[in-house]
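Below is one structure, written out as structure tokens, with a few remarks after it.
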Amino acid sequence: MATVELLFSAQPEHVRTARLVAAAVARRAGVDEAVLDEVRLAVGEACSRAVGLHRSNGVTTPVRVVLTEEEKTFSIEVGDEVPGAGVAAADAAGVPGARDTAPAEDYDDADGEDEMGLAVIRGLVDDFEVSAGEEGGTIRMSWPANPDAVLA
């Protein structure tokens with residue numbers, strides 16, 4: 001299992017770099033070429049969401065992206081460090097995943113933009129979930145991979 005971890009300051013201009021890195025690692029992992037655009041778009045949405053959450057909540061820690069190549073799966077986790085952020089928006093967008101136990105009305109970030117970003121990701125990725133808690137939130141996404149096809 002190979003893992004690449006990317007940390008970047010919460011600046012919109014760094015989202016493009018995250019997309020490029022994700023596409024390159026996905027290609028190396030054996031993700032089908034036809035799916036690479038979806039990987040790029042989904043990572044861009046998830047990273048833009050994390051950047052927005054960090055900036056609007058005054059969080060100065062970096063956004064974290066972990067890209068993991070497993071035997072038949074390529075997965076990406078995009079993490080923010082905003083406690084409980086996105087729970088209401090995830091519920092509104094119908095996103096599966098583990099949620100913090102605090103009521104959704106305790107969060108004031110469930111605006112239309114957050115819901116829209118999650119809805120876009122939901123349309124691009126079959127296997128994904130959103131989790132949020134005291135340590136921050138994570139969007140996990142995965143795609144099938146065939147690393148043997150890359151070597152052929």
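Residues are referred to by chain and number: the chain letter is A, B, ... according to the order shown in the structure tokens, the number counts from 1 in that chain, and ligands are numbered separately from 1 in the order shown.
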Test item: residues at most 10 Å from Val21 in chain A, only C-alpha atoms, excluding those fewer than 6 positions along its chain, as a PyMOL selection string: chain A and resi 4+6+15+27+40+43+65+67
I'd like the neighbourhood of Arg28 in chain A as a PDB file with all heavy atoms, in the first residue's frame, where a residue qualifies if any of its atoms comes within 12 Å (using only C-alpha atoms), though same-chain residues fewer than 4 positions away should be ignored.
ATOM      1  N   ALA A   2       0.821   2.018  -1.059  1.00  0.00           N
ATOM      2  CA  ALA A   2       1.583   3.260  -1.167  1.00  0.00           C
ATOM      3  C   ALA A   2       0.683   4.429  -0.787  1.00  0.00           C
ATOM      4  O   ALA A   2      -0.488   4.471  -1.136  1.00  0.00           O
ATOM      5  CB  ALA A   2       2.086   3.440  -2.591  1.00  0.00           C
ATOM      6  N   THR A   3       1.261   5.378  -0.048  1.00  0.00           N
ATOM      7  CA  THR A   3       0.498   6.548   0.399  1.00  0.00           C
ATOM      8  C   THR A   3       1.275   7.819   0.099  1.00  0.00           C
ATOM      9  O   THR A   3       2.481   7.884   0.305  1.00  0.00           O
ATOM     10  CB  THR A   3       0.219   6.472   1.911  1.00  0.00           C
ATOM     11  OG1 THR A   3      -0.531   5.293   2.172  1.00  0.00           O
ATOM     12  CG2 THR A   3      -0.576   7.673   2.390  1.00  0.00           C
ATOM     13  N   VAL A   4       0.549   8.813  -0.396  1.00  0.00           N
ATOM     14  CA  VAL A   4       1.109  10.147  -0.610  1.00  0.00           C
ATOM     15  C   VAL A   4       0.285  11.092   0.242  1.00  0.00           C
ATOM     16  O   VAL A   4      -0.948  11.052   0.203  1.00  0.00           O
ATOM     17  CB  VAL A   4       1.020  10.572  -2.096  1.00  0.00           C
ATOM     18  CG1 VAL A   4       1.467  12.007  -2.275  1.00  0.00           C
ATOM     19  CG2 VAL A   4       1.832   9.629  -2.964  1.00  0.00           C
ATOM     20  N   VAL A  21      -1.741  16.611  -8.498  1.00  0.00           N
ATOM     21  CA  VAL A  21      -1.099  15.517  -7.767  1.00  0.00           C
ATOM     22  C   VAL A  21      -2.036  14.316  -7.709  1.00  0.00           C
ATOM     23  O   VAL A  21      -1.630  13.173  -7.951  1.00  0.00           O
ATOM     24  CB  VAL A  21      -0.673  15.968  -6.351  1.00  0.00           C
ATOM     25  CG1 VAL A  21      -0.239  14.780  -5.504  1.00  0.00           C
ATOM     26  CG2 VAL A  21       0.448  17.005  -6.434  1.00  0.00           C
ATOM     27  N   ALA A  22      -3.311  14.556  -7.407  1.00  0.00           N
ATOM     28  CA  ALA A  22      -4.278  13.457  -7.319  1.00  0.00           C
ATOM     29  C   ALA A  22      -4.394  12.720  -8.646  1.00  0.00           C
ATOM     30  O   ALA A  22      -4.423  11.482  -8.673  1.00  0.00           O
ATOM     31  CB  ALA A  22      -5.638  13.997  -6.883  1.00  0.00           C
ATOM     32  N   ALA A  23      -4.459  13.444  -9.739  1.00  0.00           N
ATOM     33  CA  ALA A  23      -4.564  12.802 -11.053  1.00  0.00           C
ATOM     34  C   ALA A  23      -3.318  11.985 -11.366  1.00  0.00           C
ATOM     35  O   ALA A  23      -3.411  10.867 -11.894  1.00  0.00           O
ATOM     36  CB  ALA A  23      -4.801  13.849 -12.132  1.00  0.00           C
ATOM     37  N   ALA A  24      -2.152  12.512 -11.038  1.00  0.00           N
ATOM     38  CA  ALA A  24      -0.901  11.788 -11.313  1.00  0.00           C
ATOM     39  C   ALA A  24      -0.816  10.502 -10.484  1.00  0.00           C
ATOM     40  O   ALA A  24      -0.456   9.440 -11.006  1.00  0.00           O
ATOM     41  CB  ALA A  24       0.296  12.687 -11.023  1.00  0.00           C
ATOM     42  N   ASP A  32      -8.680   3.989 -14.241  1.00  0.00           N
ATOM     43  CA  ASP A  32      -8.993   4.070 -15.666  1.00  0.00           C
ATOM     44  C   ASP A  32      -8.866   5.512 -16.162  1.00  0.00           C
ATOM     45  O   ASP A  32      -9.334   6.445 -15.515  1.00  0.00           O
ATOM     46  CB  ASP A  32     -10.417   3.556 -15.895  1.00  0.00           C
ATOM     47  CG  ASP A  32     -10.729   3.345 -17.359  1.00  0.00           C
ATOM     48  OD1 ASP A  32     -10.718   4.353 -18.110  1.00  0.00           O
ATOM     49  OD2 ASP A  32     -10.988   2.199 -17.744  1.00  0.00           O
ATOM     50  N   GLU A  33      -8.258   5.680 -17.319  1.00  0.00           N
ATOM     51  CA  GLU A  33      -8.061   7.016 -17.902  1.00  0.00           C
ATOM     52  C   GLU A  33      -9.367   7.791 -18.038  1.00  0.00           C
ATOM     53  O   GLU A  33      -9.404   9.000 -17.884  1.00  0.00           O
ATOM     54  CB  GLU A  33      -7.390   6.905 -19.283  1.00  0.00           C
ATOM     55  CG  GLU A  33      -5.922   6.566 -19.237  1.00  0.00           C
ATOM     56  CD  GLU A  33      -5.045   7.709 -18.730  1.00  0.00           C
ATOM     57  OE1 GLU A  33      -5.354   8.876 -19.015  1.00  0.00           O
ATOM     58  OE2 GLU A  33      -4.058   7.409 -18.049  1.00  0.00           O
ATOM     59  N   LEU A  36     -10.200   9.694 -14.790  1.00  0.00           N
ATOM     60  CA  LEU A  36      -9.268  10.676 -14.216  1.00  0.00           C
ATOM     61  C   LEU A  36      -9.854  12.085 -14.118  1.00  0.00           C
ATOM     62  O   LEU A  36      -9.567  12.807 -13.153  1.00  0.00           O
ATOM     63  CB  LEU A  36      -7.956  10.695 -14.996  1.00  0.00           C
ATOM     64  CG  LEU A  36      -7.077   9.457 -14.826  1.00  0.00           C
ATOM     65  CD1 LEU A  36      -5.817   9.587 -15.675  1.00  0.00           C
ATOM     66  CD2 LEU A  36      -6.724   9.219 -13.369  1.00  0.00           C
ATOM     67  N   LEU A  67      -3.581  10.367  -0.301  1.00  0.00           N
ATOM     68  CA  LEU A  67      -3.878   9.544  -1.478  1.00  0.00           C
ATOM     69  C   LEU A  67      -3.288   8.162  -1.226  1.00  0.00           C
ATOM     70  O   LEU A  67      -2.086   8.040  -0.985  1.00  0.00           O
ATOM     71  CB  LEU A  67      -3.260  10.172  -2.721  1.00  0.00           C
ATOM     72  CG  LEU A  67      -3.656  11.640  -2.922  1.00  0.00           C
ATOM     73  CD1 LEU A  67      -2.445  12.528  -2.747  1.00  0.00           C
ATOM     74  CD2 LEU A  67      -4.278  11.831  -4.253  1.00  0.00           C
ATOM     75  N   THR A  68      -4.125   7.138  -1.274  1.00  0.00           N
ATOM     76  CA  THR A  68      -3.682   5.794  -0.928  1.00  0.00           C
ATOM     77  C   THR A  68      -3.963   4.832  -2.072  1.00  0.00           C
ATOM     78  O   THR A  68      -5.091   4.717  -2.548  1.00  0.00           O
ATOM     79  CB  THR A  68      -4.397   5.295   0.348  1.00  0.00           C
ATOM     80  OG1 THR A  68      -4.209   6.254   1.387  1.00  0.00           O
ATOM     81  CG2 THR A  68      -3.845   3.959   0.790  1.00  0.00           C
ATOM     82  N   GLU A  69      -2.910   4.135  -2.465  1.00  0.00           N
ATOM     83  CA  GLU A  69      -2.992   3.128  -3.514  1.00  0.00           C
ATOM     84  C   GLU A  69      -2.992   1.759  -2.850  1.00  0.00           C
ATOM     85  O   GLU A  69      -2.018   1.382  -2.203  1.00  0.00           O
ATOM     86  CB  GLU A  69      -1.786   3.274  -4.433  1.00  0.00           C
ATOM     87  CG  GLU A  69      -1.693   2.253  -5.512  1.00  0.00           C
ATOM     88  CD  GLU A  69      -0.396   2.381  -6.295  1.00  0.00           C
ATOM     89  OE1 GLU A  69       0.274   3.420  -6.203  1.00  0.00           O
ATOM     90  OE2 GLU A  69      -0.061   1.417  -6.996  1.00  0.00           O
ATOM     91  N   GLU A  70      -4.114   1.051  -2.968  1.00  0.00           N
ATOM     92  CA  GLU A  70      -4.199  -0.309  -2.439  1.00  0.00           C
ATOM     93  C   GLU A  70      -4.226  -1.275  -3.610  1.00  0.00           C
ATOM     94  O   GLU A  70      -4.113  -0.858  -4.756  1.00  0.00           O
ATOM     95  CB  GLU A  70      -5.433  -0.433  -1.553  1.00  0.00           C
ATOM     96  CG  GLU A  70      -5.350   0.483  -0.337  1.00  0.00           C
ATOM     97  CD  GLU A  70      -6.571   0.403   0.537  1.00  0.00           C
ATOM     98  OE1 GLU A  70      -7.035  -0.725   0.797  1.00  0.00           O
ATOM     99  OE2 GLU A  70      -7.053   1.461   0.956  1.00  0.00           O
ATOM    100  N   THR A  73      -7.886  -0.701  -5.188  1.00  0.00           N
ATOM    101  CA  THR A  73      -8.608   0.528  -4.884  1.00  0.00           C
ATOM    102  C   THR A  73      -7.645   1.696  -4.762  1.00  0.00           C
ATOM    103  O   THR A  73      -6.540   1.559  -4.247  1.00  0.00           O
ATOM    104  CB  THR A  73      -9.368   0.384  -3.546  1.00  0.00           C
ATOM    105  OG1 THR A  73     -10.176  -0.772  -3.587  1.00  0.00           O
ATOM    106  CG2 THR A  73     -10.233   1.589  -3.265  1.00  0.00           C
ATOM    107  N   PHE A  74      -8.088   2.837  -5.233  1.00  0.00           N
ATOM    108  CA  PHE A  74      -7.377   4.096  -5.043  1.00  0.00           C
ATOM    109  C   PHE A  74      -8.301   4.985  -4.222  1.00  0.00           C
ATOM    110  O   PHE A  74      -9.454   5.185  -4.589  1.00  0.00           O
ATOM    111  CB  PHE A  74      -7.056   4.749  -6.388  1.00  0.00           C
ATOM    112  CG  PHE A  74      -6.469   6.122  -6.256  1.00  0.00           C
ATOM    113  CD1 PHE A  74      -5.206   6.305  -5.716  1.00  0.00           C
ATOM    114  CD2 PHE A  74      -7.188   7.234  -6.654  1.00  0.00           C
ATOM    115  CE1 PHE A  74      -4.669   7.567  -5.589  1.00  0.00           C
ATOM    116  CE2 PHE A  74      -6.660   8.500  -6.538  1.00  0.00           C
ATOM    117  CZ  PHE A  74      -5.392   8.674  -6.000  1.00  0.00           C
ATOM    118  N   ALA A 145      -9.111   0.446  -9.019  1.00  0.00           N
ATOM    119  CA  ALA A 145      -7.812   0.609  -9.665  1.00  0.00           C
ATOM    120  C   ALA A 145      -7.297  -0.746 -10.115  1.00  0.00           C
ATOM    121  O   ALA A 145      -7.592  -1.768  -9.503  1.00  0.00           O
ATOM    122  CB  ALA A 145      -6.811   1.261  -8.710  1.00  0.00           C
ATOM    123  N   ASN A 146      -6.499  -0.725 -11.163  1.00  0.00           N
ATOM    124  CA  ASN A 146      -5.886  -1.939 -11.674  1.00  0.00           C
ATOM    125  C   ASN A 146      -4.420  -1.614 -11.961  1.00  0.00           C
ATOM    126  O   ASN A 146      -4.071  -1.261 -13.085  1.00  0.00           O
ATOM    127  CB  ASN A 146      -6.601  -2.421 -12.937  1.00  0.00           C
ATOM    128  CG  ASN A 146      -6.036  -3.706 -13.462  1.00  0.00           C
ATOM    129  OD1 ASN A 146      -5.170  -4.318 -12.836  1.00  0.00           O
ATOM    130  ND2 ASN A 146      -6.524  -4.141 -14.609  1.00  0.00           N
ATOM    131  N   PRO A 147      -3.561  -1.724 -10.933  1.00  0.00           N
ATOM    132  CA  PRO A 147      -2.159  -1.353 -11.133  1.00  0.00           C
ATOM    133  C   PRO A 147      -1.450  -2.198 -12.174  1.00  0.00           C
ATOM    134  O   PRO A 147      -0.508  -1.730 -12.811  1.00  0.00           O
ATOM    135  CB  PRO A 147      -1.528  -1.543  -9.750  1.00  0.00           C
ATOM    136  CG  PRO A 147      -2.522  -2.252  -8.924  1.00  0.00           C
ATOM    137  CD  PRO A 147      -3.853  -2.172  -9.595  1.00  0.00           C
ATOM    138  N   ASP A 148      -1.926  -3.425 -12.421  1.00  0.00           N
ATOM    139  CA  ASP A 148      -1.294  -4.277 -13.441  1.00  0.00           C
ATOM    140  C   ASP A 148      -1.466  -3.707 -14.842  1.00  0.00           C
ATOM    141  O   ASP A 148      -0.612  -3.882 -15.701  1.00  0.00           O
ATOM    142  CB  ASP A 148      -1.883  -5.700 -13.385  1.00  0.00           C
ATOM    143  CG  ASP A 148      -1.573  -6.372 -12.064  1.00  0.00           C
ATOM    144  OD1 ASP A 148      -0.559  -6.008 -11.430  1.00  0.00           O
ATOM    145  OD2 ASP A 148      -2.349  -7.251 -11.658  1.00  0.00           O
ATOM    146  N   ALA A 149      -2.557  -2.990 -15.055  1.00  0.00           N
ATOM    147  CA  ALA A 149      -2.809  -2.377 -16.381  1.00  0.00           C
ATOM    148  C   ALA A 149      -1.801  -1.289 -16.689  1.00  0.00           C
ATOM    149  O   ALA A 149      -1.465  -1.056 -17.842  1.00  0.00           O
ATOM    150  CB  ALA A 149      -4.227  -1.810 -16.426  1.00  0.00           C
ATOM    151  N   VAL A 150      -1.285  -0.622 -15.657  1.00  0.00           N
ATOM    152  CA  VAL A 150      -0.290   0.423 -15.850  1.00  0.00           C
ATOM    153  C   VAL A 150       1.030  -0.165 -16.325  1.00  0.00           C
ATOM    154  O   VAL A 150       1.726   0.408 -17.152  1.00  0.00           O
ATOM    155  CB  VAL A 150      -0.071   1.221 -14.537  1.00  0.00           C
ATOM    156  CG1 VAL A 150       1.037   2.241 -14.683  1.00  0.00           C
ATOM    157  CG2 VAL A 150      -1.371   1.893 -14.120  1.00  0.00           C
ATOM    158  N   LEU A 151       1.357  -1.348 -15.811  1.00  0.00           N
ATOM    159  CA  LEU A 151       2.625  -1.985 -16.157  1.00  0.00           C
ATOM    160  C   LEU A 151       2.597  -2.621 -17.536  1.00  0.00           C
ATOM    161  O   LEU A 151       3.633  -2.879 -18.118  1.00  0.00           O
ATOM    162  CB  LEU A 151       2.975  -3.050 -15.109  1.00  0.00           C
ATOM    163  CG  LEU A 151       3.114  -2.529 -13.669  1.00  0.00           C
ATOM    164  CD1 LEU A 151       3.328  -3.687 -12.713  1.00  0.00           C
ATOM    165  CD2 LEU A 151       4.259  -1.528 -13.574  1.00  0.00           C
TER     166      LEU A 151
END
Distance in Å - CA of Thr60 in chain A versus CA of Gln11 in chain A: 10.3 Å
Shell around Leu7 in chain A at 12 Å using only C-alpha atoms, local window under 2 positions removed, as an MDAnalysis selection string: chainID A and resid 4:5 9:11 14:15 17:18 21 47 50:51 61:67 77:80
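Between CA of Val125 in chain A and CA of Ala29 in chain A the interatomic distance comes to 16.8 Å.
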Which of A:Gly52, A:Gly44, A:Gly58, A:Pro83 sits closest to Glu134 in chain A [using only C-alpha atoms]: A:Pro83
CA of Arg49 in chain A to CA of Gly133 in chain A, distance in Å rounded to a single decimal: 16.2 Å
Nearest residue to Val31 in chain A from the set A:Gly117, A:Val59, A:Glu71, A:Ser48 (distances using only C-alpha atoms): A:Glu71
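Among the candidates A:Asp127, A:Arg140, A:Arg122, A:Phe8, the one nearest to Ile76 in chain A when counting only C-alpha atoms is A:Arg140.
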